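Asks: Provided herewith: start.txt, compact mmCIF, C-alpha atoms.
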# COMPACT_ATOMS: atom_id res chain seq x y z
CA MET A 119 -14.59 19.40 -16.18
CA LYS A 120 -12.46 16.75 -14.50
CA LYS A 121 -10.54 17.64 -11.38
CA ASP A 122 -6.92 16.44 -11.27
CA VAL A 123 -6.13 14.41 -8.18
CA SER A 124 -2.74 12.81 -7.84
CA PHE A 125 -3.61 10.22 -5.20
CA PHE A 126 -6.47 10.08 -2.71
CA GLU A 127 -8.65 13.10 -2.14
CA VAL A 128 -10.98 11.95 0.61
CA TYR A 129 -9.85 9.80 3.48
CA GLY A 130 -10.91 8.69 6.89
CA LYS A 131 -9.07 7.00 9.70
CA VAL A 132 -10.41 5.63 12.96
CA THR A 133 -8.14 4.09 15.60
CA TYR A 134 -9.49 2.11 18.50
CA THR A 135 -7.03 1.59 21.35
CA ILE A 136 -8.04 -1.34 23.55
CA ASN A 137 -5.25 -0.93 26.12
CA ASP A 138 -1.55 0.00 26.30
CA ASN A 139 -0.69 -3.00 24.10
CA TRP A 140 -3.44 -3.41 21.49
CA ALA A 141 -4.76 -0.97 18.86
CA PHE A 142 -6.79 -1.36 15.66
CA THR A 143 -7.18 1.15 12.84
CA LEU A 144 -9.73 1.34 10.01
CA ASN A 145 -8.72 3.35 6.92
CA GLU A 146 -10.82 4.57 4.00
CA TYR A 147 -9.43 6.49 1.02
CA TYR A 148 -11.21 7.65 -2.14
CA SER A 149 -10.19 9.53 -5.28
CA PRO A 150 -12.45 10.46 -8.19
CA ASN A 151 -9.36 10.49 -10.48
CA PHE A 152 -6.78 8.00 -9.16
CA LEU A 153 -3.25 8.97 -10.25
CA ASN A 154 -4.75 11.11 -13.05
CA THR A 155 -5.90 8.02 -14.94
CA GLY A 156 -9.54 9.13 -15.02
CA ALA A 157 -10.51 6.04 -13.00
CA TRP A 158 -12.00 6.42 -9.54
CA GLY A 159 -10.15 4.63 -6.75
CA ASN A 160 -11.21 3.39 -3.34
CA TYR A 161 -8.98 1.73 -0.73
CA SER A 162 -10.10 0.30 2.62
CA SER A 163 -7.94 -1.44 5.18
CA ILE A 164 -7.74 -2.68 8.74
CA ILE A 165 -4.55 -2.58 10.80
CA GLY A 166 -3.84 -4.43 14.02
CA LYS A 167 -0.88 -3.55 16.22
CA TYR A 168 0.49 -5.13 19.38
CA THR A 169 3.01 -3.04 21.32
CA ALA A 170 5.07 -5.07 23.76
CA PRO A 171 5.44 -3.87 27.34
CA SER A 172 8.32 -1.43 27.82
CA THR A 173 10.12 -4.00 29.97
CA VAL A 174 10.28 -6.66 27.24
CA PHE A 175 14.03 -6.00 26.84
CA GLY A 176 14.63 -5.09 30.47
CA THR A 177 15.85 -1.56 31.14
CA SER A 178 17.65 -1.21 27.77
CA GLY A 179 15.13 1.33 26.44
CA VAL A 180 14.41 -0.85 23.40
CA GLY A 181 10.75 -1.26 22.53
CA MET A 182 9.01 -3.65 20.16
CA TYR A 183 5.76 -3.99 18.24
CA VAL A 184 4.13 -6.42 15.80
CA SER A 185 1.61 -5.16 13.27
CA GLY A 186 -0.29 -6.27 10.20
CA GLU A 187 -2.64 -4.78 7.64
CA PHE A 188 -5.15 -6.20 5.18
CA GLY A 189 -6.56 -3.90 2.50
CA ARG A 190 -8.71 -3.95 -0.62
CA GLN A 191 -8.26 -1.62 -3.63
CA TRP A 192 -11.24 -1.03 -5.93
CA LEU A 193 -10.63 0.80 -9.20
CA GLY A 194 -12.83 2.15 -11.97
CA THR A 195 -12.22 2.63 -15.70
CA SER A 196 -9.45 4.83 -17.04
CA ASP A 197 -9.85 7.56 -19.61
CA SER A 198 -9.53 6.41 -23.21
CA PHE A 199 -6.03 5.76 -24.52
CA TYR A 200 -5.28 7.96 -27.47
CA GLY A 201 -4.04 5.98 -30.43
CA VAL A 202 -4.76 2.58 -28.83
CA PRO A 203 -7.61 1.03 -30.82
CA ALA A 204 -7.88 -1.97 -28.48
CA PHE A 205 -9.15 0.30 -25.66
CA PRO A 206 -11.20 3.13 -27.19
CA ASN A 207 -13.15 3.54 -23.93
CA GLY A 208 -10.22 3.08 -21.52
CA ILE A 209 -9.60 0.03 -19.37
CA LYS A 210 -11.35 -1.29 -16.28
CA TYR A 211 -8.49 -1.66 -13.82
CA ALA A 212 -8.47 -4.87 -11.77
CA ASP A 213 -9.46 -4.73 -8.10
CA TYR A 214 -7.04 -6.42 -5.72
CA ASN A 215 -6.15 -7.26 -2.12
CA THR A 216 -2.95 -6.30 -0.35
CA TRP A 217 -1.50 -7.28 3.02
CA ASN A 218 1.59 -6.90 5.16
CA ILE A 219 2.93 -8.11 8.49
CA GLY A 220 5.95 -6.88 10.36
CA ILE A 221 7.92 -6.42 13.52
CA GLY A 222 9.44 -3.17 14.70
CA PHE A 223 12.05 -2.18 17.23
CA THR A 224 12.30 1.28 18.76
CA TYR A 225 15.04 3.06 20.65
CA LYS A 226 14.64 6.69 21.62
CA VAL A 227 13.81 8.44 18.29
CA PHE A 228 14.83 5.49 16.05
CA THR A 229 12.54 2.80 14.61
CA LEU A 230 13.61 -0.26 12.62
CA ASP A 231 10.61 -1.86 10.89
CA LEU A 232 11.02 -5.26 9.16
CA ARG A 233 8.00 -6.19 7.05
CA TYR A 234 6.65 -8.71 4.53
CA SER A 235 4.17 -7.34 1.99
CA ASP A 236 2.21 -9.03 -0.81
CA THR A 237 -0.80 -8.69 -3.10
CA ASP A 238 -3.03 -10.89 -5.23
CA LEU A 239 -2.74 -8.53 -8.24
CA SER A 240 -1.53 -10.67 -11.15
CA LYS A 241 1.68 -9.87 -13.01
CA GLY A 242 -0.35 -9.08 -16.15
CA ASN A 243 -2.73 -6.68 -14.40
CA CYS A 244 0.22 -5.14 -12.55
CA SER A 245 1.90 -4.44 -15.89
CA ALA A 246 -1.22 -2.71 -17.25
CA PHE A 247 -1.83 -0.75 -14.03
CA THR A 248 1.74 0.49 -13.50
CA SER A 249 2.91 0.79 -17.15
CA ASP A 250 6.07 -1.00 -16.02
CA PHE A 251 8.68 -0.32 -18.72
CA THR A 252 10.65 -3.41 -17.57
CA ALA A 253 7.70 -5.82 -17.94
CA GLY A 254 8.46 -8.80 -20.14
CA GLY A 255 7.28 -12.15 -21.37
CA THR A 256 4.01 -13.02 -23.09
CA THR A 257 2.37 -15.46 -20.67
CA ASN A 258 0.46 -13.02 -18.45
CA VAL A 259 -2.50 -12.29 -20.74
CA THR A 260 -5.46 -10.59 -19.03
CA PRO A 261 -8.44 -8.65 -20.44
CA ILE A 262 -6.57 -5.37 -19.86
CA ASN A 263 -3.19 -6.76 -20.97
CA PRO A 264 -3.69 -8.65 -24.25
CA LEU A 265 0.06 -8.66 -25.00
CA GLY A 266 0.69 -10.63 -21.81
CA THR A 267 3.67 -8.72 -20.44
CA GLY A 268 4.24 -9.37 -16.75
CA SER A 269 5.53 -6.99 -14.10
CA ASN A 270 7.32 -7.89 -10.87
CA TRP A 271 6.54 -4.49 -9.33
CA CYS A 272 3.44 -5.75 -7.50
CA GLY A 273 4.57 -9.01 -5.93
CA ALA A 274 5.81 -10.17 -2.57
CA ALA A 275 8.52 -8.07 -0.97
CA GLY A 276 10.59 -7.89 2.16
CA ILE A 277 10.93 -4.32 3.42
CA ALA A 278 13.36 -2.90 5.96
CA LYS A 279 12.87 0.70 7.05
CA LEU A 280 14.96 2.71 9.46
CA SER A 281 13.34 5.97 10.50
CA VAL A 282 14.22 8.84 12.82
CA ASP A 283 11.60 11.01 14.48
CA LEU A 284 13.16 14.47 14.25
CA THR A 285 10.29 16.11 16.11
CA ALA A 286 11.65 14.42 19.20
CA ALA A 287 15.19 15.76 18.71
CA SER A 288 15.18 16.95 22.32
CA SER A 289 15.22 13.26 23.32
CA LEU A 290 18.70 12.78 21.80
CA LYS A 291 20.61 13.89 24.88
Show me this structure written as structure tokens.
Replies:
Amino acid sequence: MKKDVSFFEVYGKVTYTINDNWAFTLNEYYSPNFLNTGAWGNYSSIIGKYTAPSTVFGTSGVGMYVSGEFGRQWLGTSDSFYGVPAFPNGIKYADYNTWNIGIGFTYKVFTLDLRYSDTDLSKGNCSAFTSDFTAGGTTNVTPINPLGTGSNWCGAAGIAKLSVDLTAASSLK
């Protein structure tokens, strides 16, 4: 009997702090049933982060960091697709790399993170993996996407995130 797992079931994280400014993290995630597709999934990554000295902006209280991550996603074969004769035994999802680099600014409980993220997953494999209902065209043919529809959901992106750490609400005096 297959166990339903919505994302990753087993994970590990090790952070090595060199000094007040430099830290590196190794991540490992595994699921025997990635996103309930029936395919196993494994993701490993390394993150590097440089935190600037607290005086980088004088006595303003503004902090800054620069960080980047490189990861690799390995995927197995999905369950069979009912009513899809082209894939009676499911599909072998494509493995791919992913990376991001960004700069962040902190002030009290607020963090503004500006980041660039990308992947080498092709538009055709992205369409098959995500089932993107907006995918179009016919030029992105891959072994798991014989119709050649291409998805833009897995490409390069600029990301801006503003977050508030509410556990530190006592700092908002």
Asks: Give the answer as one residue: which of A:Ile277, A:Ile219, A:Cys244, A:Leu153 has the shortest atom-to-atom distance to A:Tyr183, using only C-alpha atoms?
Replies: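 The shortest atom-to-atom distance to A:Tyr183 comes from A:Ile219.
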Asks: Enter the distance from atom CA of A:Ser185 to atom CA of A:Ser149, in Å, rounded to one decimal.
Replies: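 Between atom CA of A:Ser185 and atom CA of A:Ser149 the gap is 26.4 Å.
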Asks: Quick one: residues within 10 Å of A:Gly179, only C-alpha atoms counted, chain neighbours fewer than 3 positions away excluded, as a ChimeraX atom specification?
Replies: /A:172-176,224-226
Asks: Here's a test: counting only C-alpha atoms, identify every protein, DNA and RNA residue with an atom at most 9 Å from (-9.3, 2.1, 10.3) in the file's coordinate frame, and state them as JSON, numbers by chain.
Replies: {"A": [130, 131, 132, 133, 134, 142, 143, 144, 145, 146, 162, 163, 164, 165]}
Asks: Calculated over only C-alpha atoms, which of the candidates A:Gly273, A:Gly208, A:Gly186, A:Gly194 has the smallest distance to A:Lys167?
Replies: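 Among the listed residues, A:Gly186 lies closest to A:Lys167.
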Asks: Within 9 Å of A:Gly242, counting all atoms listed in the file, which residues qualify if same-chain residues fewer than 6 places away don't, as a PDB file with C-alpha atoms, keeping the file's coordinate frame?
Replies:
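Output (result_16.pdb):
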ATOM      1  CA  ALA A 253       7.700  -5.820 -17.940  1.00  0.00           C
ATOM      2  CA  THR A 257       2.370 -15.460 -20.670  1.00  0.00           C
ATOM      3  CA  ASN A 258       0.460 -13.020 -18.450  1.00  0.00           C
ATOM      4  CA  VAL A 259      -2.500 -12.290 -20.740  1.00  0.00           C
ATOM      5  CA  THR A 260      -5.460 -10.590 -19.030  1.00  0.00           C
ATOM      6  CA  ILE A 262      -6.570  -5.370 -19.860  1.00  0.00           C
ATOM      7  CA  ASN A 263      -3.190  -6.760 -20.970  1.00  0.00           C
ATOM      8  CA  PRO A 264      -3.690  -8.650 -24.250  1.00  0.00           C
ATOM      9  CA  LEU A 265       0.060  -8.660 -25.000  1.00  0.00           C
ATOM     10  CA  GLY A 266       0.690 -10.630 -21.810  1.00  0.00           C
ATOM     11  CA  THR A 267       3.670  -8.720 -20.440  1.00  0.00           C
ATOM     12  CA  GLY A 268       4.240  -9.370 -16.750  1.00  0.00           C
ATOM     13  CA  SER A 269       5.530  -6.990 -14.100  1.00  0.00           C
TER      14      SER A 269
END
Asks: Could you tell me which of A:Phe228, A:Tyr211, A:Tyr168, A:Trp217 comes closest to A:Pro261 if we count only C-alpha atoms?
Replies: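 Distance minimum relative to A:Pro261 lands on A:Tyr211.
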Asks: With all atoms listed in the file as the atoms that count, which of A:Asn207, A:Thr169, A:Thr229, A:Ser198 lies nearest to A:Leu284?
Replies: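 Using all atoms listed in the file, the shortest distance to A:Leu284 belongs to A:Thr229.
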Asks: May I ask which of the residues A:Ser249, A:Gly222, A:Asp236, A:Asn243 is the closest one to A:Lys279, counting all atoms listed in the file?
Replies: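 Using all atoms listed in the file, the shortest distance to A:Lys279 belongs to A:Gly222.
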